[in-house]
Amino acid sequence: MSKFKITETPHVIDDHLLNIIGNEFKFDHAKGLAEWLKNSADAYNREEVNDEDQYIFIRMKQKSFVAPARFECIDFVGMTHDEIENAFKRWGDPQAASRGKSKKNILGGHGNGGKFYMRQMFAESRFITYRNGLLNVFGFNENKKYGFDSGFEKKKTKLDRAIELADLEEVLKHLPRVLKNKLEKGETGFTVVTGEQPDKLRGRNNVRSIVQRLRVHPQARRLLKTKQVFAIVDGQVQKLDVESIPPKEGFEGPFEFDVPAVLKRGSADIELTNENYSAGKLTLNTSAEPFTRLGDRASLNCIDIRGDIGVIGSYRMNELGHIKNFTETEFIYGECSCPILEDPKEDCVRNDREKLVDTDKTLALLE
């Protein structure tokens, strides 16, 4: 034991590090919007709201002569000032999404995705959140620095005024009466996350193509199956559902395979289960029509790596295994669970949960 004893002090994080990590979230609005959807779902899940009663709206407005383009994600839960201070403001905290409550059904991972999307992909961003009669506005300015709006921090506000400030009148028309009643009685609130002047919004990367890519994004598909998610594009409302995939005749499936407890990688034995983590499972399905390797549907031709709650990585079929170049793989999709990948002693989950961290375990599994 050293004769020196270090006194612990909080880490100081330079903005340059935030830029480096945040670049994982650049250039893909579908990915960022999926993170916002997960944040809204987590807000409902913390309040133990049933899936069928969780209403989430993605509102997208194109640039006009009087206003810049704007992307928004709206839920009807709301945050308190303490939640902003103790959870949202923290970077890289795996407990931030649960906010001191049970982590069951909590989709947030490192507590970064939605914030990085706000910070990296818009000229300015903010959220307007209303709970218990108090309004808070918090966001990132043009210098990518975050903070409260000086006029709207713990500001006592009437519901009608809060709705007006958040521009929610048209959204309320699409809410069920029971949720409107809860809002009027003060039993719930709302949050509107807003990004202004979205980056890379031009040509084929327009609002409608982004919505379509969101429908097939690995981080969004399961939410769309269970939650009430709507897109409002230039005033037009549509419910977002996942695409139904008819199976290939004679190969209806699903086909299930146990992940071996031990895999060989070179001369090493790689353990994929132990006394704390059960064995995994690979489930494969087929499609009647081949998935093209181009376009939006190509992202469905993949194996999603399932974690305790959500997808922690996704791999196209042509990235996997010794049959990756076979034509047959264009008809296959599925998911794989392997609980040991989330062992905190060897966390294999990346910040953006697109791919797994390269370790002996993940590489053995993928091979």
# chains A, B, ... in the order shown; residues from 1 in each chain; ligands from 1
>>> residues_around(residues="A:Val357", least_positions_apart="6", cutoff="10 Å", atoms="only C-alpha atoms", output="VMD selection string")
chain A and resid 313 341 346 to 351 363
>>> write_last_selection(atoms="C-alpha atoms", output="PDB file, in the first residue's frame")
ATOM      1  CA  GLY A 313     -26.357  -3.283 -30.997  1.00  0.00           C
ATOM      2  CA  LEU A 341     -22.683  -8.703 -22.504  1.00  0.00           C
ATOM      3  CA  GLU A 346     -16.865  -6.020 -18.783  1.00  0.00           C
ATOM      4  CA  ASP A 347     -19.490  -3.722 -20.230  1.00  0.00           C
ATOM      5  CA  CYS A 348     -19.722  -4.441 -23.952  1.00  0.00           C
ATOM      6  CA  VAL A 349     -22.301  -1.749 -24.726  1.00  0.00           C
ATOM      7  CA  ARG A 350     -21.203   1.361 -26.617  1.00  0.00           C
ATOM      8  CA  ASN A 351     -22.465   4.814 -25.804  1.00  0.00           C
ATOM      9  CA  LEU A 363     -16.172 -10.974 -31.339  1.00  0.00           C
TER      10      LEU A 363
END
>>> select_by_dssp(residues="stretch 164-297 of chain A", states="strand (DSSP E or B)", output="ChimeraX atom specification")
/A:190-198,202,205,228-233,236-239,255-258,262-265,268-271,281-286
>>> write_last_selection(atoms="N, CA and C atoms", output="mmCIF file, in the first residue's frame")
data_model
loop_
_atom_site.group_PDB
_atom_site.id
_atom_site.type_symbol
_atom_site.label_atom_id
_atom_site.label_comp_id
_atom_site.auth_asym_id
_atom_site.auth_seq_id
_atom_site.Cartn_x
_atom_site.Cartn_y
_atom_site.Cartn_z
ATOM 1 N N PHE A 190 -46.069 17.843 -19.055
ATOM 2 C CA PHE A 190 -45.628 17.574 -20.424
ATOM 3 C C PHE A 190 -44.187 18.026 -20.595
ATOM 4 N N THR A 191 -43.555 17.474 -21.614
ATOM 5 C CA THR A 191 -42.223 17.914 -22.040
ATOM 6 C C THR A 191 -42.220 18.022 -23.551
ATOM 7 N N VAL A 192 -41.724 19.144 -24.056
ATOM 8 C CA VAL A 192 -41.534 19.342 -25.497
ATOM 9 C C VAL A 192 -40.053 19.580 -25.731
ATOM 10 N N VAL A 193 -39.384 18.598 -26.335
ATOM 11 C CA VAL A 193 -37.973 18.737 -26.698
ATOM 12 C C VAL A 193 -37.913 19.316 -28.102
ATOM 13 N N THR A 194 -37.156 20.383 -28.284
ATOM 14 C CA THR A 194 -37.131 21.105 -29.559
ATOM 15 C C THR A 194 -35.705 21.290 -30.045
ATOM 16 N N GLY A 195 -35.491 20.985 -31.320
ATOM 17 C CA GLY A 195 -34.235 21.309 -31.986
ATOM 18 C C GLY A 195 -34.513 22.213 -33.165
ATOM 19 N N GLU A 196 -33.836 23.363 -33.235
ATOM 20 C CA GLU A 196 -34.053 24.316 -34.318
ATOM 21 C C GLU A 196 -32.880 24.308 -35.290
ATOM 22 N N GLN A 197 -33.195 24.507 -36.560
ATOM 23 C CA GLN A 197 -32.222 24.492 -37.652
ATOM 24 C C GLN A 197 -31.432 23.172 -37.651
ATOM 25 N N PRO A 198 -32.112 22.055 -37.894
ATOM 26 C CA PRO A 198 -31.421 20.765 -37.919
ATOM 27 C C PRO A 198 -30.347 20.716 -38.997
ATOM 28 N N ARG A 202 -31.438 18.325 -46.165
ATOM 29 C CA ARG A 202 -31.546 18.776 -47.547
ATOM 30 C C ARG A 202 -31.547 17.569 -48.476
ATOM 31 N N ASN A 205 -32.399 13.739 -47.758
ATOM 32 C CA ASN A 205 -32.504 13.681 -46.298
ATOM 33 C C ASN A 205 -33.520 14.719 -45.840
ATOM 34 N N GLN A 228 -48.008 4.460 -28.217
ATOM 35 C CA GLN A 228 -48.823 5.264 -29.127
ATOM 36 C C GLN A 228 -47.949 6.402 -29.655
ATOM 37 N N VAL A 229 -47.265 6.148 -30.772
ATOM 38 C CA VAL A 229 -46.313 7.111 -31.321
ATOM 39 C C VAL A 229 -46.875 7.679 -32.624
ATOM 40 N N PHE A 230 -46.882 9.000 -32.714
ATOM 41 C CA PHE A 230 -47.439 9.689 -33.877
ATOM 42 C C PHE A 230 -46.400 10.653 -34.446
ATOM 43 N N ALA A 231 -46.452 10.842 -35.743
ATOM 44 C CA ALA A 231 -45.636 11.865 -36.403
ATOM 45 C C ALA A 231 -46.572 12.955 -36.922
ATOM 46 N N ILE A 232 -46.193 14.199 -36.673
ATOM 47 C CA ILE A 232 -46.917 15.346 -37.219
ATOM 48 C C ILE A 232 -45.940 16.075 -38.133
ATOM 49 N N VAL A 233 -46.160 15.970 -39.418
ATOM 50 C CA VAL A 233 -45.274 16.581 -40.414
ATOM 51 C C VAL A 233 -46.051 17.663 -41.146
ATOM 52 N N GLN A 236 -49.775 17.392 -40.783
ATOM 53 C CA GLN A 236 -50.404 16.114 -41.114
ATOM 54 C C GLN A 236 -49.991 15.054 -40.087
ATOM 55 N N VAL A 237 -50.978 14.352 -39.522
ATOM 56 C CA VAL A 237 -50.730 13.399 -38.442
ATOM 57 C C VAL A 237 -50.812 11.970 -38.966
ATOM 58 N N GLN A 238 -49.856 11.138 -38.565
ATOM 59 C CA GLN A 238 -49.918 9.707 -38.870
ATOM 60 C C GLN A 238 -49.381 8.920 -37.688
ATOM 61 N N LYS A 239 -50.014 7.770 -37.418
ATOM 62 C CA LYS A 239 -49.503 6.883 -36.387
ATOM 63 C C LYS A 239 -48.343 6.100 -36.961
ATOM 64 N N PHE A 255 -37.193 -19.517 -35.842
ATOM 65 C CA PHE A 255 -36.220 -20.580 -35.573
ATOM 66 C C PHE A 255 -35.345 -20.136 -34.401
ATOM 67 N N GLU A 256 -35.310 -20.949 -33.349
ATOM 68 C CA GLU A 256 -34.595 -20.560 -32.137
ATOM 69 C C GLU A 256 -33.406 -21.480 -31.879
ATOM 70 N N PHE A 257 -32.301 -20.857 -31.450
ATOM 71 C CA PHE A 257 -31.065 -21.590 -31.172
ATOM 72 C C PHE A 257 -30.479 -21.074 -29.866
ATOM 73 N N ASP A 258 -30.041 -21.979 -29.003
ATOM 74 C CA ASP A 258 -29.370 -21.572 -27.775
ATOM 75 C C ASP A 258 -27.947 -21.106 -28.084
ATOM 76 N N VAL A 262 -19.973 -21.809 -23.942
ATOM 77 C CA VAL A 262 -18.568 -21.512 -24.221
ATOM 78 C C VAL A 262 -18.361 -21.554 -25.726
ATOM 79 N N LEU A 263 -17.662 -20.555 -26.243
ATOM 80 C CA LEU A 263 -17.282 -20.526 -27.654
ATOM 81 C C LEU A 263 -15.767 -20.480 -27.761
ATOM 82 N N LYS A 264 -15.248 -21.112 -28.806
ATOM 83 C CA LYS A 264 -13.815 -21.050 -29.091
ATOM 84 C C LYS A 264 -13.511 -19.825 -29.937
ATOM 85 N N ARG A 265 -12.467 -19.122 -29.564
ATOM 86 C CA ARG A 265 -11.939 -18.047 -30.421
ATOM 87 C C ARG A 265 -10.434 -18.216 -30.441
ATOM 88 N N ALA A 268 -8.565 -19.813 -27.350
ATOM 89 C CA ALA A 268 -9.177 -19.398 -26.084
ATOM 90 C C ALA A 268 -10.609 -19.906 -25.970
ATOM 91 N N ASP A 269 -11.009 -20.253 -24.758
ATOM 92 C CA ASP A 269 -12.395 -20.574 -24.439
ATOM 93 C C ASP A 269 -13.072 -19.305 -23.932
ATOM 94 N N ILE A 270 -14.119 -18.870 -24.632
ATOM 95 C CA ILE A 270 -14.824 -17.643 -24.271
ATOM 96 C C ILE A 270 -16.138 -18.024 -23.602
ATOM 97 N N GLU A 271 -16.270 -17.688 -22.321
ATOM 98 C CA GLU A 271 -17.474 -18.031 -21.572
ATOM 99 C C GLU A 271 -18.569 -16.992 -21.813
ATOM 100 N N LYS A 281 -29.899 -16.575 -26.469
ATOM 101 C CA LYS A 281 -30.706 -17.249 -27.491
ATOM 102 C C LYS A 281 -30.675 -16.436 -28.772
ATOM 103 N N LEU A 282 -30.588 -17.134 -29.896
ATOM 104 C CA LEU A 282 -30.658 -16.523 -31.220
ATOM 105 C C LEU A 282 -31.992 -16.912 -31.847
ATOM 106 N N THR A 283 -32.759 -15.930 -32.274
ATOM 107 C CA THR A 283 -34.047 -16.165 -32.923
ATOM 108 C C THR A 283 -34.003 -15.592 -34.330
ATOM 109 N N LEU A 284 -34.273 -16.445 -35.317
ATOM 110 C CA LEU A 284 -34.245 -16.029 -36.720
ATOM 111 C C LEU A 284 -35.640 -16.095 -37.327
ATOM 112 N N ASN A 285 -35.927 -15.142 -38.193
ATOM 113 C CA ASN A 285 -37.171 -15.105 -38.958
ATOM 114 C C ASN A 285 -36.839 -14.918 -40.428
ATOM 115 N N THR A 286 -37.824 -15.180 -41.280
ATOM 116 C CA THR A 286 -37.613 -15.018 -42.710
ATOM 117 C C THR A 286 -38.606 -14.020 -43.293
#
>>> closest_residue(among="A:Asn318, A:Asn136, A:Asn276, A:Asn143", to="A:Lys156", atoms="only C-alpha atoms")
A:Asn136
>>> select_by_dssp(residues="stretch 160-367 of chain A", states="alpha helix (DSSP H)", output="number ranges by chain")
A: 160-166, 169-172, 177-184, 207-215, 218-226, 360-366
>>> closest_residue(among="A:Cys338, A:Ala279, A:Val207, A:Leu37", to="A:Gln62", atoms="only C-alpha atoms")
A:Val207
